[in-house]
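Participant: Have a peek at entry.tsv (TSV, C-alpha atoms).
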chain	number	residue	atom	x	y	z
A	16	MET	CA	110.61	145.21	68.10
A	17	ALA	CA	112.29	148.40	69.27
A	18	ILE	CA	115.63	149.20	67.64
A	19	ASP	CA	117.57	148.84	70.90
A	20	GLU	CA	115.98	145.49	71.82
A	21	ALA	CA	117.85	142.25	71.22
A	22	PRO	CA	116.02	139.86	68.87
A	23	PRO	CA	113.96	137.31	70.82
A	24	ARG	CA	115.36	133.80	71.17
A	25	PHE	CA	113.91	131.13	68.91
A	26	PRO	CA	112.39	128.55	69.32
A	27	PHE	CA	109.87	130.36	71.49
A	28	PRO	CA	108.82	128.75	74.78
A	29	ALA	CA	105.91	126.43	74.13
A	30	ALA	CA	102.59	126.87	75.83
A	31	ALA	CA	101.69	124.02	78.21
A	32	PRO	CA	101.26	121.12	77.71
A	33	GLY	CA	103.91	121.58	75.07
A	34	LEU	CA	102.69	120.85	71.54
A	35	GLU	CA	100.52	123.92	71.05
A	36	LEU	CA	101.79	126.73	68.85
A	37	PRO	CA	103.44	129.42	71.01
A	38	GLU	CA	101.32	132.58	71.15
A	39	GLU	CA	104.23	134.66	69.88
A	40	PHE	CA	103.57	133.42	66.34
A	41	ALA	CA	100.10	135.02	66.24
A	42	ARG	CA	101.55	138.37	67.35
A	43	LEU	CA	104.27	138.22	64.72
A	44	ARG	CA	101.80	137.37	61.94
A	45	ARG	CA	99.81	140.48	62.91
A	46	GLU	CA	102.59	142.92	63.68
A	47	GLU	CA	105.96	141.75	62.37
A	48	PRO	CA	105.58	138.92	59.84
A	49	VAL	CA	109.29	138.95	58.96
A	50	ALA	CA	111.12	139.39	62.25
A	51	ARG	CA	114.66	139.08	63.54
A	52	VAL	CA	115.25	136.22	66.00
A	53	THR	CA	118.27	134.77	67.78
A	54	LEU	CA	118.90	131.07	67.14
A	55	PRO	CA	120.19	128.57	69.75
A	56	THR	CA	123.69	128.97	68.29
A	57	GLY	CA	123.60	132.74	68.86
A	58	ASP	CA	123.30	133.42	65.13
A	59	SER	CA	120.61	135.78	63.87
A	60	ALA	CA	117.92	134.97	61.32
A	61	TRP	CA	114.75	136.39	59.82
A	62	LEU	CA	111.70	134.37	60.95
A	63	VAL	CA	108.87	134.25	58.40
A	64	THR	CA	105.45	133.56	59.94
A	65	ARG	CA	102.78	134.29	57.29
A	66	TYR	CA	101.60	131.76	54.74
A	67	ALA	CA	102.18	133.84	51.60
A	68	ASP	CA	105.67	134.88	52.69
A	69	ALA	CA	106.58	131.29	53.61
A	70	ARG	CA	105.56	130.07	50.15
A	71	ALA	CA	107.56	132.89	48.58
A	72	VAL	CA	110.72	131.91	50.46
A	73	LEU	CA	110.37	128.21	49.69
A	74	SER	CA	109.87	128.80	45.96
A	75	ASP	CA	112.47	131.54	45.37
A	76	VAL	CA	115.92	130.25	44.34
A	77	ARG	CA	117.49	133.39	45.81
A	78	PHE	CA	116.86	131.84	49.24
A	79	SER	CA	119.54	129.18	48.97
A	80	ARG	CA	119.96	125.91	50.84
A	81	ALA	CA	123.47	125.41	49.44
A	82	ALA	CA	124.58	128.81	50.75
A	83	ALA	CA	123.33	127.80	54.20
A	84	GLU	CA	125.71	124.81	54.18
A	85	GLN	CA	128.85	126.82	53.50
A	86	PRO	CA	131.50	127.23	56.23
A	87	GLY	CA	130.67	130.18	58.47
A	88	ALA	CA	127.01	130.33	57.44
A	89	PRO	CA	124.46	130.89	60.22
A	90	ARG	CA	123.09	127.69	61.72
A	91	VAL	CA	120.18	126.70	63.94
A	92	GLY	CA	121.95	124.08	66.05
A	93	HIS	CA	124.90	121.74	66.22
A	94	THR	CA	123.82	119.76	63.17
A	95	ARG	CA	122.83	120.46	59.59
A	96	PRO	CA	122.52	118.25	56.49
A	97	GLY	CA	125.81	119.27	54.86
A	98	PRO	CA	126.71	120.07	51.24
A	99	MET	CA	126.74	116.40	50.15
A	100	ASN	CA	123.15	115.87	51.35
A	101	ILE	CA	120.17	116.49	49.07
A	102	LEU	CA	118.65	118.73	51.77
A	103	GLY	CA	121.71	120.96	51.53
A	104	MET	CA	121.69	121.40	47.76
A	105	ASP	CA	120.32	123.76	45.14
A	106	PRO	CA	119.75	122.88	41.46
A	107	PRO	CA	121.30	121.37	39.45
A	108	ASP	CA	122.77	118.98	42.05
A	109	HIS	CA	119.47	118.77	43.95
A	110	THR	CA	117.61	118.02	40.72
A	111	ARG	CA	120.10	115.31	39.74
A	112	LEU	CA	119.79	113.45	43.04
A	113	ARG	CA	116.05	113.82	43.39
A	114	ARG	CA	115.51	112.28	39.96
A	115	LEU	CA	117.34	109.14	41.09
A	116	VAL	CA	114.76	108.23	43.70
A	117	SER	CA	111.61	109.97	42.46
A	118	PRO	CA	110.40	106.81	40.65
A	119	ALA	CA	110.47	104.88	43.94
A	120	PHE	CA	108.19	107.50	45.50
A	121	SER	CA	105.80	107.91	42.55
A	122	ALA	CA	102.08	107.89	43.35
A	123	ARG	CA	101.63	104.53	41.59
A	124	ARG	CA	104.43	102.77	43.46
A	125	ILE	CA	103.41	104.19	46.80
A	126	GLU	CA	99.78	103.23	46.28
A	127	ALA	CA	100.93	99.68	45.53
A	128	LEU	CA	102.29	99.54	49.09
A	129	ARG	CA	98.88	100.27	50.64
A	130	PRO	CA	97.74	96.66	51.25
A	131	HIS	CA	101.03	95.80	52.96
A	132	VAL	CA	101.03	98.97	55.07
A	133	ALA	CA	97.38	98.39	56.04
A	134	THR	CA	98.14	94.83	57.16
A	135	LEU	CA	101.18	95.98	59.11
A	136	ALA	CA	99.16	98.74	60.79
A	137	ASP	CA	96.40	96.29	61.73
A	138	ASP	CA	98.92	93.88	63.23
A	139	LEU	CA	100.60	96.62	65.27
A	140	VAL	CA	97.37	98.13	66.61
A	141	ARG	CA	95.88	94.74	67.49
A	142	ALA	CA	99.08	93.81	69.33
A	143	ALA	CA	99.04	97.14	71.17
A	144	VAL	CA	95.42	96.68	72.25
A	145	ALA	CA	96.31	93.26	73.65
A	146	ARG	CA	99.08	94.66	75.85
A	147	PRO	CA	98.64	95.47	79.57
A	148	ARG	CA	97.15	98.93	80.03
A	149	PRO	CA	97.98	101.75	79.89
A	150	VAL	CA	99.52	101.31	76.46
A	151	ASP	CA	102.15	103.64	75.03
A	152	LEU	CA	100.96	104.17	71.46
A	153	LEU	CA	104.20	105.94	70.58
A	154	ALA	CA	106.34	102.92	71.35
A	155	HIS	CA	104.03	100.28	69.92
A	156	VAL	CA	102.39	101.97	66.91
A	157	THR	CA	103.59	105.40	65.83
A	158	TYR	CA	107.30	104.59	65.74
A	159	GLU	CA	106.91	100.98	64.65
A	160	LEU	CA	104.81	101.58	61.53
A	161	PRO	CA	106.84	104.21	59.59
A	162	SER	CA	110.11	102.68	60.77
A	163	ARG	CA	109.27	99.22	59.52
A	164	VAL	CA	108.03	100.60	56.20
A	165	ILE	CA	111.11	102.74	55.43
A	166	PHE	CA	113.52	100.04	56.62
A	167	GLU	CA	111.86	97.54	54.28
A	168	LEU	CA	111.84	100.02	51.40
A	169	LEU	CA	115.54	100.76	51.82
A	170	GLY	CA	116.57	97.21	52.68
A	171	VAL	CA	117.93	97.99	56.16
A	172	PRO	CA	117.72	95.23	58.82
A	173	TYR	CA	115.02	96.22	61.32
A	174	ALA	CA	116.98	94.49	64.06
A	175	ASP	CA	119.27	97.55	63.97
A	176	PHE	CA	116.45	100.05	64.50
A	177	ASP	CA	117.06	100.88	68.17
A	178	GLN	CA	120.69	101.84	67.59
A	179	LEU	CA	119.97	103.79	64.41
A	180	HIS	CA	117.12	105.66	66.08
A	181	GLU	CA	119.33	106.58	69.03
A	182	TRP	CA	121.96	108.06	66.71
A	183	SER	CA	119.24	109.82	64.68
A	184	GLU	CA	117.90	111.63	67.71
A	185	VAL	CA	121.37	112.91	68.53
A	186	ILE	CA	122.14	114.23	65.06
A	187	PHE	CA	118.77	116.00	64.81
A	188	SER	CA	119.11	117.72	68.16
A	189	MET	CA	119.43	121.50	68.24
A	190	VAL	CA	120.60	121.60	71.85
A	191	GLY	CA	121.26	119.05	74.56
A	192	HIS	CA	124.23	117.39	72.85
A	193	ALA	CA	127.69	118.87	72.42
A	194	PRO	CA	128.92	119.40	68.84
A	195	GLY	CA	131.36	116.52	69.26
A	196	GLU	CA	128.55	114.15	70.28
A	197	VAL	CA	126.50	115.15	67.25
A	198	ALA	CA	129.46	114.66	64.92
A	199	ALA	CA	130.23	111.27	66.50
A	200	ALA	CA	126.65	110.06	66.08
A	201	ARG	CA	126.66	111.14	62.45
A	202	ARG	CA	129.92	109.28	61.81
A	203	LYS	CA	128.44	106.15	63.39
A	204	ILE	CA	125.45	106.21	61.05
A	205	GLN	CA	127.71	106.90	58.08
A	206	ASP	CA	129.99	104.00	59.06
A	207	TYR	CA	127.00	101.71	59.52
A	208	LEU	CA	125.61	102.63	56.11
A	209	GLY	CA	129.04	102.28	54.50
A	210	GLY	CA	129.23	98.72	55.84
A	211	LEU	CA	125.70	97.92	54.67
A	212	ILE	CA	126.48	99.30	51.20
A	213	ALA	CA	129.55	97.06	51.03
A	214	VAL	CA	127.39	94.02	51.85
A	215	LYS	CA	124.86	94.96	49.18
A	216	ARG	CA	127.61	95.48	46.63
A	217	ALA	CA	128.80	91.93	47.26
A	218	GLU	CA	125.24	90.59	47.10
A	219	PRO	CA	123.09	93.01	45.02
A	220	THR	CA	119.52	93.66	46.14
A	221	GLU	CA	116.40	95.14	44.53
A	222	ASP	CA	115.54	97.48	47.39
A	223	LEU	CA	115.96	101.26	47.19
A	224	LEU	CA	119.46	101.22	48.61
A	225	GLY	CA	120.42	98.60	46.03
A	226	VAL	CA	119.05	100.85	43.29
A	227	LEU	CA	121.10	103.80	44.55
A	228	ILE	CA	124.23	101.64	44.67
A	229	ARG	CA	123.73	100.71	41.01
A	230	HIS	CA	123.25	104.38	40.12
A	231	ARG	CA	126.63	104.98	41.77
A	232	ASP	CA	128.55	101.97	40.42
A	233	GLU	CA	127.08	101.56	36.94
A	234	GLY	CA	125.91	105.03	35.99
A	235	ASP	CA	128.26	107.23	38.06
A	236	ARG	CA	125.22	109.42	38.73
A	237	LEU	CA	126.20	110.25	42.30
A	238	THR	CA	129.38	110.21	44.34
A	239	GLU	CA	130.11	107.82	47.20
A	240	PRO	CA	129.61	110.56	49.85
A	241	GLU	CA	126.33	111.52	48.16
A	242	LEU	CA	125.24	107.87	48.23
A	243	ILE	CA	125.87	107.58	51.97
A	244	GLU	CA	124.26	110.95	52.73
A	245	PHE	CA	121.21	110.04	50.63
A	246	ALA	CA	120.79	106.80	52.58
A	247	LEU	CA	121.29	108.68	55.85
A	248	ILE	CA	118.56	111.23	55.21
A	249	LEU	CA	116.11	108.63	53.90
A	250	ILE	CA	116.49	106.39	56.92
A	251	THR	CA	116.54	109.11	59.59
A	252	VAL	CA	113.94	111.58	58.35
A	253	GLY	CA	112.02	108.70	56.78
A	254	HIS	CA	111.11	107.31	60.18
A	255	MET	CA	111.46	110.20	62.64
A	256	SER	CA	109.29	112.81	60.93
A	257	THR	CA	106.32	110.53	60.24
A	258	ALA	CA	106.52	108.87	63.65
A	259	GLY	CA	106.63	112.19	65.50
A	260	THR	CA	103.87	113.64	63.36
A	261	LEU	CA	101.59	110.63	63.88
A	262	GLY	CA	102.14	110.80	67.63
A	263	ALA	CA	101.28	114.51	67.73
A	264	MET	CA	98.20	113.93	65.56
A	265	LEU	CA	96.92	111.16	67.85
A	266	TYR	CA	97.54	113.36	70.87
A	267	THR	CA	95.54	116.17	69.22
A	268	LEU	CA	92.62	113.85	68.48
A	269	LEU	CA	92.60	112.55	72.05
A	270	LEU	CA	92.27	116.17	73.21
A	271	HIS	CA	89.27	116.56	70.86
A	272	PRO	CA	87.04	113.57	71.67
A	273	ASP	CA	84.20	114.95	69.55
A	274	GLN	CA	86.43	114.90	66.47
A	275	LEU	CA	87.75	111.46	67.39
A	276	ALA	CA	84.18	110.16	67.66
A	277	ALA	CA	83.30	111.73	64.31
A	278	LEU	CA	86.25	110.00	62.65
A	279	ARG	CA	85.19	106.69	64.16
A	280	ARG	CA	81.63	107.15	62.86
A	281	ARG	CA	82.75	108.32	59.43
A	282	PRO	CA	85.89	106.45	58.33
A	283	GLU	CA	85.54	108.05	54.90
A	284	LEU	CA	86.80	111.21	56.60
A	285	VAL	CA	90.27	109.75	57.09
A	286	PRO	CA	92.03	111.36	54.07
A	287	ALA	CA	90.60	114.81	54.88
A	288	ALA	CA	91.29	114.30	58.60
A	289	VAL	CA	94.94	113.56	57.88
A	290	GLU	CA	95.29	116.80	55.91
A	291	GLU	CA	93.60	118.86	58.62
A	292	LEU	CA	95.69	117.26	61.34
A	293	LEU	CA	98.84	117.94	59.31
A	294	ARG	CA	97.77	121.58	59.07
A	295	HIS	CA	96.71	121.91	62.69
A	296	ASN	CA	99.63	119.94	64.04
A	297	THR	CA	102.61	121.93	65.31
A	298	PHE	CA	105.03	119.00	65.59
A	299	THR	CA	107.53	121.10	63.63
A	300	LEU	CA	107.89	124.72	64.67
A	301	THR	CA	109.70	125.50	61.44
A	302	GLY	CA	109.45	122.43	59.21
A	303	ALA	CA	111.94	123.81	56.73
A	304	GLN	CA	115.71	124.03	56.72
A	305	LEU	CA	117.45	127.37	57.17
A	306	ARG	CA	118.10	129.30	53.97
A	307	VAL	CA	120.55	132.09	53.18
A	308	ALA	CA	119.71	134.94	50.81
A	309	VAL	CA	122.08	135.25	47.86
A	310	ALA	CA	120.72	138.68	46.84
A	311	ASP	CA	118.93	141.59	48.48
A	312	ILE	CA	115.21	140.72	48.57
A	313	GLU	CA	112.12	142.60	49.74
A	314	LEU	CA	109.81	140.38	51.79
A	315	GLY	CA	106.96	141.24	54.11
A	316	GLY	CA	107.88	144.90	54.21
A	317	VAL	CA	111.57	144.41	55.09
A	318	THR	CA	114.76	144.17	53.08
A	319	ILE	CA	116.60	140.90	53.52
A	320	ARG	CA	120.25	141.42	52.61
A	321	ALA	CA	122.45	138.95	50.79
A	322	GLY	CA	124.03	136.69	53.40
A	323	ASP	CA	121.11	136.94	55.83
A	324	ALA	CA	119.60	133.72	57.19
A	325	VAL	CA	115.88	133.06	56.77
A	326	LEU	CA	113.74	130.52	58.59
A	327	THR	CA	110.15	129.74	57.58
A	328	ALA	CA	107.78	128.82	60.40
A	329	LEU	CA	105.48	126.37	58.63
A	330	GLY	CA	103.47	125.70	61.78
A	331	SER	CA	102.67	129.40	61.95
A	332	ALA	CA	101.93	129.61	58.20
A	333	ASN	CA	99.46	126.74	58.56
A	334	HIS	CA	97.62	128.78	61.23
A	335	ASP	CA	97.45	131.96	59.13
A	336	PRO	CA	93.80	133.13	59.33
A	337	VAL	CA	94.11	134.80	55.94
A	338	VAL	CA	94.26	131.32	54.38
A	339	PHE	CA	92.55	129.12	57.00
A	340	ALA	CA	89.45	130.61	58.62
A	341	ASP	CA	89.26	130.06	62.37
A	342	ALA	CA	92.70	128.49	62.00
A	343	GLY	CA	93.07	127.50	65.64
A	344	ARG	CA	90.04	125.22	65.49
A	345	LEU	CA	90.45	121.56	64.54
A	346	ASP	CA	87.85	120.76	61.87
A	347	LEU	CA	88.12	117.39	60.15
A	348	ASP	CA	85.66	118.57	57.47
A	349	ARG	CA	87.95	121.46	56.50
A	350	ALA	CA	89.50	121.50	53.01
A	351	ALA	CA	93.09	121.82	54.28
A	352	GLU	CA	95.10	120.46	51.35
A	353	ALA	CA	96.82	123.81	50.82
A	354	HIS	CA	98.80	123.38	54.05
A	355	LEU	CA	102.60	123.59	54.04
A	356	ALA	CA	103.33	120.68	56.38
A	357	PHE	CA	105.40	119.00	53.65
A	358	GLY	CA	106.98	122.23	52.51
A	359	HIS	CA	106.75	123.83	49.09
A	360	GLY	CA	108.90	124.30	46.01
A	361	ILE	CA	111.82	122.13	44.95
A	362	HIS	CA	112.43	120.85	48.48
A	363	TYR	CA	108.83	119.67	48.89
A	364	CYS	CA	109.05	116.48	50.94
A	365	LEU	CA	110.13	113.60	48.71
A	366	GLY	CA	108.28	111.12	50.94
A	367	ALA	CA	105.01	113.05	51.23
A	368	SER	CA	102.98	110.39	49.39
A	369	LEU	CA	104.44	107.63	51.57
A	370	ALA	CA	103.82	109.61	54.75
A	371	ARG	CA	100.21	110.28	53.76
A	372	LEU	CA	99.64	106.59	53.06
A	373	GLU	CA	101.15	105.59	56.42
A	374	LEU	CA	99.12	108.17	58.31
A	375	GLN	CA	95.88	107.20	56.58
A	376	GLU	CA	96.32	103.49	57.22
A	377	ALA	CA	97.42	104.09	60.80
A	378	PHE	CA	94.22	106.03	61.50
A	379	ARG	CA	92.04	103.46	59.76
A	380	SER	CA	93.53	100.71	61.90
A	381	LEU	CA	93.31	102.75	65.08
A	382	MET	CA	89.64	103.53	64.44
A	383	ARG	CA	88.91	99.86	63.74
A	384	HIS	CA	90.70	98.35	66.71
A	385	LEU	CA	90.97	100.89	69.54
A	386	PRO	CA	88.01	100.70	71.95
A	387	ALA	CA	85.58	103.60	71.68
A	388	THR	CA	86.41	104.63	75.25
A	389	VAL	CA	90.10	105.23	74.51
A	390	HIS	CA	91.49	108.26	76.34
A	391	LEU	CA	94.77	109.73	77.55
A	392	ALA	CA	96.05	107.88	80.61
A	393	ALA	CA	97.77	111.02	81.93
A	394	GLU	CA	97.03	114.71	82.21
A	395	PRO	CA	98.46	116.61	79.22
A	396	ARG	CA	100.73	118.63	81.51
A	397	GLN	CA	102.25	115.37	82.77
A	398	LEU	CA	103.44	114.29	79.32
A	399	GLU	CA	107.11	114.84	78.65
A	400	ILE	CA	108.08	116.71	75.50
A	401	LYS	CA	111.39	116.40	73.67
A	402	THR	CA	112.31	120.02	73.02
A	403	GLY	CA	115.93	119.68	71.95
A	404	LEU	CA	115.13	118.21	68.55
A	405	THR	CA	114.57	120.11	65.32
A	406	ALA	CA	110.93	119.17	65.93
A	407	ARG	CA	109.19	118.84	69.27
A	408	ALA	CA	107.98	115.34	70.03
A	409	LEU	CA	106.24	113.45	72.79
A	410	VAL	CA	108.32	111.00	74.79
A	411	GLU	CA	105.31	108.70	75.25
A	412	LEU	CA	101.57	108.66	74.62
A	413	PRO	CA	99.91	106.47	77.26
A	414	VAL	CA	96.27	105.56	76.65
A	415	ASP	CA	93.64	103.52	78.44
A	416	TRP	CA	90.00	102.59	77.92
Please re-express this file's structure in structure tokens.
Facilitator:
Amino acid sequence: MAIDEAPPRFPFPAAAPGLELPEEFARLRREEPVARVTLPTGDSAWLVTRYADARAVLSDVRFSRAAAEQPGAPRVGHTRPGPMNILGMDPPDHTRLRRLVSPAFSARRIEALRPHVATLADDLVRAAVARPRPVDLLAHVTYELPSRVIFELLGVPYADFDQLHEWSEVIFSMVGHAPGEVAAARRKIQDYLGGLIAVKRAEPTEDLLGVLIRHRDEGDRLTEPELIEFALILITVGHMSTAGTLGAMLYTLLLHPDQLAALRRRPELVPAAVEELLRHNTFTLTGAQLRVAVADIELGGVTIRAGDAVLTALGSANHDPVVFADAGRLDLDRAAEAHLAFGHGIHYCLGASLARLELQEAFRSLMRHLPATVHLAAEPRQLEIKTGLTARALVELPVDW
């Protein structure tokens, strides 16, 4: 970028039909891997596009999440987690809160959920197949499965899903909603959760929210605002990220019928296919929260000054040809486990094991029950994309056979 040029606006315009990685990322990886961009708020940030640099940012404590939550810090949009939220913390507060729920997301406990998740996925896919065609897989499978699982895990009534999801979409929007609307939606979720916590205090439960309440009331291991914020992030991110990712992954497979047919023929490919689709998928343009440097740091040939904002583009990092040969090609036989779709470092996604399980069982059910002739019931360019969210997402995914 020439010195007298204004930094380009980010997010970059998406290439049609809307979920592909904008071509600007490839240019930046080649020519300017740490580049200045202008965020929707008008604030400036360094955008990191290469794999090695992204890992460095996510694992270096000098790139602080807590500093990014301070008053006056640069921001991406009208919402951010806040200093009482685990996503807005550095150690030791982050470590303290993460330890409270880590046992619930251990590999053993998550694996114990597999039979139930598999049954739920089978029920949802069979019901979807029985519906009049075309069928919107987003509405009837990809949102239903992760939402039902996380609501059960937390102990939140699923009857309240529609309202909670509506508020969630508002608070995770970068643009499209005024700051007052975003703040109001966040207060509504907080008030809802405060009421639910009061009910569970009166009648204790063994679900995850009940466990967190006991940590608060009996062990004083987190504050009341931290309790509510923890519940908020678990219920919102816990359903929105997996649902959006699954929808984008299905869309990608439908655009690659040869790979879809291979997965149907070889169901043993499912775990590897999920990892490759997570890598290839560009559901999240960034995938990581904004960080603020707390010291001067050299990265990718530039000096990032203390106080500068840094944003890691995980979708771009996962398409870095230095790490993933022929990175733009979808290859379900690829060993893609090194991808950064779940982040890296201390903020590595707490629910990664649960998300993987849900994605694997969703694909197994879809391969078992969807007819072999399944195909998109609309041209890709006709599909509407939600672009105002922190992650792009399809509005619907109509299929026929």
Participant: When you look at Arg294 (chain A) with a cut-off of 7 Å (counting only C-alpha atoms), what residues show up, excluding the ones that are within fewer than 5 positions of it in the same chain? I need them as a list of chain:residue names.
Facilitator: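 Using only C-alpha atoms, the neighbours found are A:Asn333, A:Ala351, A:His354, A:Ala356.
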Participant: Which residue is closest to Ala353 (chain A)? Choose from A:Val91, A:Ala60, A:Ala67, A:Val52 and count only C-alpha atoms.
Facilitator: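 Using only C-alpha atoms, the shortest distance to Ala353 (chain A) belongs to A:Ala67.
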Participant: Here is a test: counting only C-alpha atoms, which residue of A:Val317, A:Ala308, A:Ala50, A:Ala127 is nearest to Phe25 (chain A)?
Facilitator: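 Using only C-alpha atoms, Phe25 (chain A) sits closest to A:Ala50.
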Participant: Between A:Gly210, A:Pro149, A:Gly360, A:Pro86, which residue has the minimum interatomic distance to Val389 (chain A), considering only C-alpha atoms?
Facilitator: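 Using only C-alpha atoms, the shortest distance to Val389 (chain A) belongs to A:Pro149.
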Participant: Write out as an MDAnalysis selection string the residues lying within 8 Å of Met99 (chain A), counting all atoms listed in the file and excluding same-chain residues fewer than 6 positions away.
Facilitator: chainID A and resid 240:241 244
Participant: Around (101.5, 103.6, 71.4) in the file's frame, which residues reach within 10 Å when counting all atoms listed in the file? Return as a PyMOL selection string?
Facilitator: chain A and resi 139-140+143-144+149-159+262+265+411-414
Participant: Pick from A:Pro98, A:Gly259, A:Pro282, A:Pro26: nearest to Leu381 (chain A), with all atoms listed in the file counted?
Facilitator: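 Closest to Leu381 (chain A) of all the choices is A:Pro282.
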Participant: Record the distance separating CA of His192 (chain A) and CA of Phe166 (chain A), expressed in Å with one decimal.
Facilitator: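 These two atoms are separated by 26.1 Å.
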Participant: What's around Glu47 (chain A) at 12 Å? Count only C-alpha atoms, leave out sequence neighbours fewer than 6 positions away in its own chain, and write the answer as a short mmCIF file (atom, residue, chain, number, x, y, z; two decimals) with C-alpha atoms, in the coordinates of the input.
Facilitator:
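Ended up saving to around.cif:
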data_model
loop_
_atom_site.label_atom_id
_atom_site.label_comp_id
_atom_site.auth_asym_id
_atom_site.auth_seq_id
_atom_site.Cartn_x
_atom_site.Cartn_y
_atom_site.Cartn_z
CA MET A 16 110.61 145.21 68.10
CA ALA A 17 112.29 148.40 69.27
CA GLU A 39 104.23 134.66 69.88
CA PHE A 40 103.57 133.42 66.34
CA ALA A 41 100.10 135.02 66.24
CA TRP A 61 114.75 136.39 59.82
CA LEU A 62 111.70 134.37 60.95
CA VAL A 63 108.87 134.25 58.40
CA THR A 64 105.45 133.56 59.94
CA ARG A 65 102.78 134.29 57.29
CA ASP A 68 105.67 134.88 52.69
CA LEU A 314 109.81 140.38 51.79
CA GLY A 315 106.96 141.24 54.11
CA GLY A 316 107.88 144.90 54.21
CA VAL A 317 111.57 144.41 55.09
#
Participant: Taking all atoms listed in the file into account, name the residue in A:Pro286, A:Gly358, A:Gly97, A:Gly92 that is nearest to Thr327 (chain A).
Facilitator: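 Among A:Pro286, A:Gly358, A:Gly97, A:Gly92, it is A:Gly358 that comes nearest to Thr327 (chain A).
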Participant: Which polymer residues have any atom within 9 Å of an atom of Ala69 (chain A), counting only C-alpha atoms, with same-chain residues fewer than 5 positions away left out, as a list in words?
Facilitator: Val63, Thr64, Ser74, Leu326, Thr327, Ala328, Leu329, Ala332, Leu355 and His359 of chain A
Participant: Give me region 169-184 of chain A from this structure - N, CA and C atoms, as a PDB file, in the first residue's frame.
Facilitator:
ATOM      1  N   LEU A 169     -26.572 -26.934  28.857  1.00  0.00           N
ATOM      2  CA  LEU A 169     -26.658 -25.816  29.794  1.00  0.00           C
ATOM      3  C   LEU A 169     -27.882 -25.905  30.704  1.00  0.00           C
ATOM      4  N   GLY A 170     -28.941 -26.556  30.212  1.00  0.00           N
ATOM      5  CA  GLY A 170     -30.189 -26.593  30.970  1.00  0.00           C
ATOM      6  C   GLY A 170     -31.056 -25.388  30.679  1.00  0.00           C
ATOM      7  N   VAL A 171     -31.093 -24.970  29.405  1.00  0.00           N
ATOM      8  CA  VAL A 171     -31.914 -23.842  28.965  1.00  0.00           C
ATOM      9  C   VAL A 171     -33.113 -24.393  28.193  1.00  0.00           C
ATOM     10  N   PRO A 172     -34.336 -23.954  28.508  1.00  0.00           N
ATOM     11  CA  PRO A 172     -35.523 -24.477  27.811  1.00  0.00           C
ATOM     12  C   PRO A 172     -35.445 -24.208  26.305  1.00  0.00           C
ATOM     13  N   TYR A 173     -35.577 -25.263  25.505  1.00  0.00           N
ATOM     14  CA  TYR A 173     -35.469 -25.086  24.056  1.00  0.00           C
ATOM     15  C   TYR A 173     -36.656 -24.312  23.492  1.00  0.00           C
ATOM     16  N   ALA A 174     -37.735 -24.263  24.226  1.00  0.00           N
ATOM     17  CA  ALA A 174     -38.894 -23.480  23.784  1.00  0.00           C
ATOM     18  C   ALA A 174     -38.539 -22.003  23.614  1.00  0.00           C
ATOM     19  N   ASP A 175     -37.464 -21.553  24.249  1.00  0.00           N
ATOM     20  CA  ASP A 175     -37.054 -20.149  24.175  1.00  0.00           C
ATOM     21  C   ASP A 175     -36.022 -19.888  23.081  1.00  0.00           C
ATOM     22  N   PHE A 176     -35.744 -20.905  22.255  1.00  0.00           N
ATOM     23  CA  PHE A 176     -34.668 -20.781  21.273  1.00  0.00           C
ATOM     24  C   PHE A 176     -34.873 -19.629  20.302  1.00  0.00           C
ATOM     25  N   ASP A 177     -36.063 -19.522  19.711  1.00  0.00           N
ATOM     26  CA  ASP A 177     -36.270 -18.507  18.670  1.00  0.00           C
ATOM     27  C   ASP A 177     -35.941 -17.110  19.181  1.00  0.00           C
ATOM     28  N   GLN A 178     -36.413 -16.776  20.382  1.00  0.00           N
ATOM     29  CA  GLN A 178     -36.147 -15.450  20.920  1.00  0.00           C
ATOM     30  C   GLN A 178     -34.669 -15.260  21.230  1.00  0.00           C
ATOM     31  N   LEU A 179     -34.051 -16.266  21.836  1.00  0.00           N
ATOM     32  CA  LEU A 179     -32.630 -16.157  22.169  1.00  0.00           C
ATOM     33  C   LEU A 179     -31.774 -16.048  20.911  1.00  0.00           C
ATOM     34  N   HIS A 180     -32.143 -16.781  19.876  1.00  0.00           N
ATOM     35  CA  HIS A 180     -31.380 -16.714  18.630  1.00  0.00           C
ATOM     36  C   HIS A 180     -31.519 -15.331  17.986  1.00  0.00           C
ATOM     37  N   GLU A 181     -32.710 -14.778  18.026  1.00  0.00           N
ATOM     38  CA  GLU A 181     -32.918 -13.438  17.460  1.00  0.00           C
ATOM     39  C   GLU A 181     -32.040 -12.412  18.168  1.00  0.00           C
ATOM     40  N   TRP A 182     -32.001 -12.448  19.485  1.00  0.00           N
ATOM     41  CA  TRP A 182     -31.136 -11.525  20.224  1.00  0.00           C
ATOM     42  C   TRP A 182     -29.665 -11.791  19.917  1.00  0.00           C
ATOM     43  N   SER A 183     -29.296 -13.055  19.788  1.00  0.00           N
ATOM     44  CA  SER A 183     -27.897 -13.418  19.517  1.00  0.00           C
ATOM     45  C   SER A 183     -27.425 -12.821  18.206  1.00  0.00           C
ATOM     46  N   GLU A 184     -28.262 -12.891  17.186  1.00  0.00           N
ATOM     47  CA  GLU A 184     -27.858 -12.355  15.892  1.00  0.00           C
ATOM     48  C   GLU A 184     -27.634 -10.841  15.963  1.00  0.00           C
TER      49      GLU A 184
END
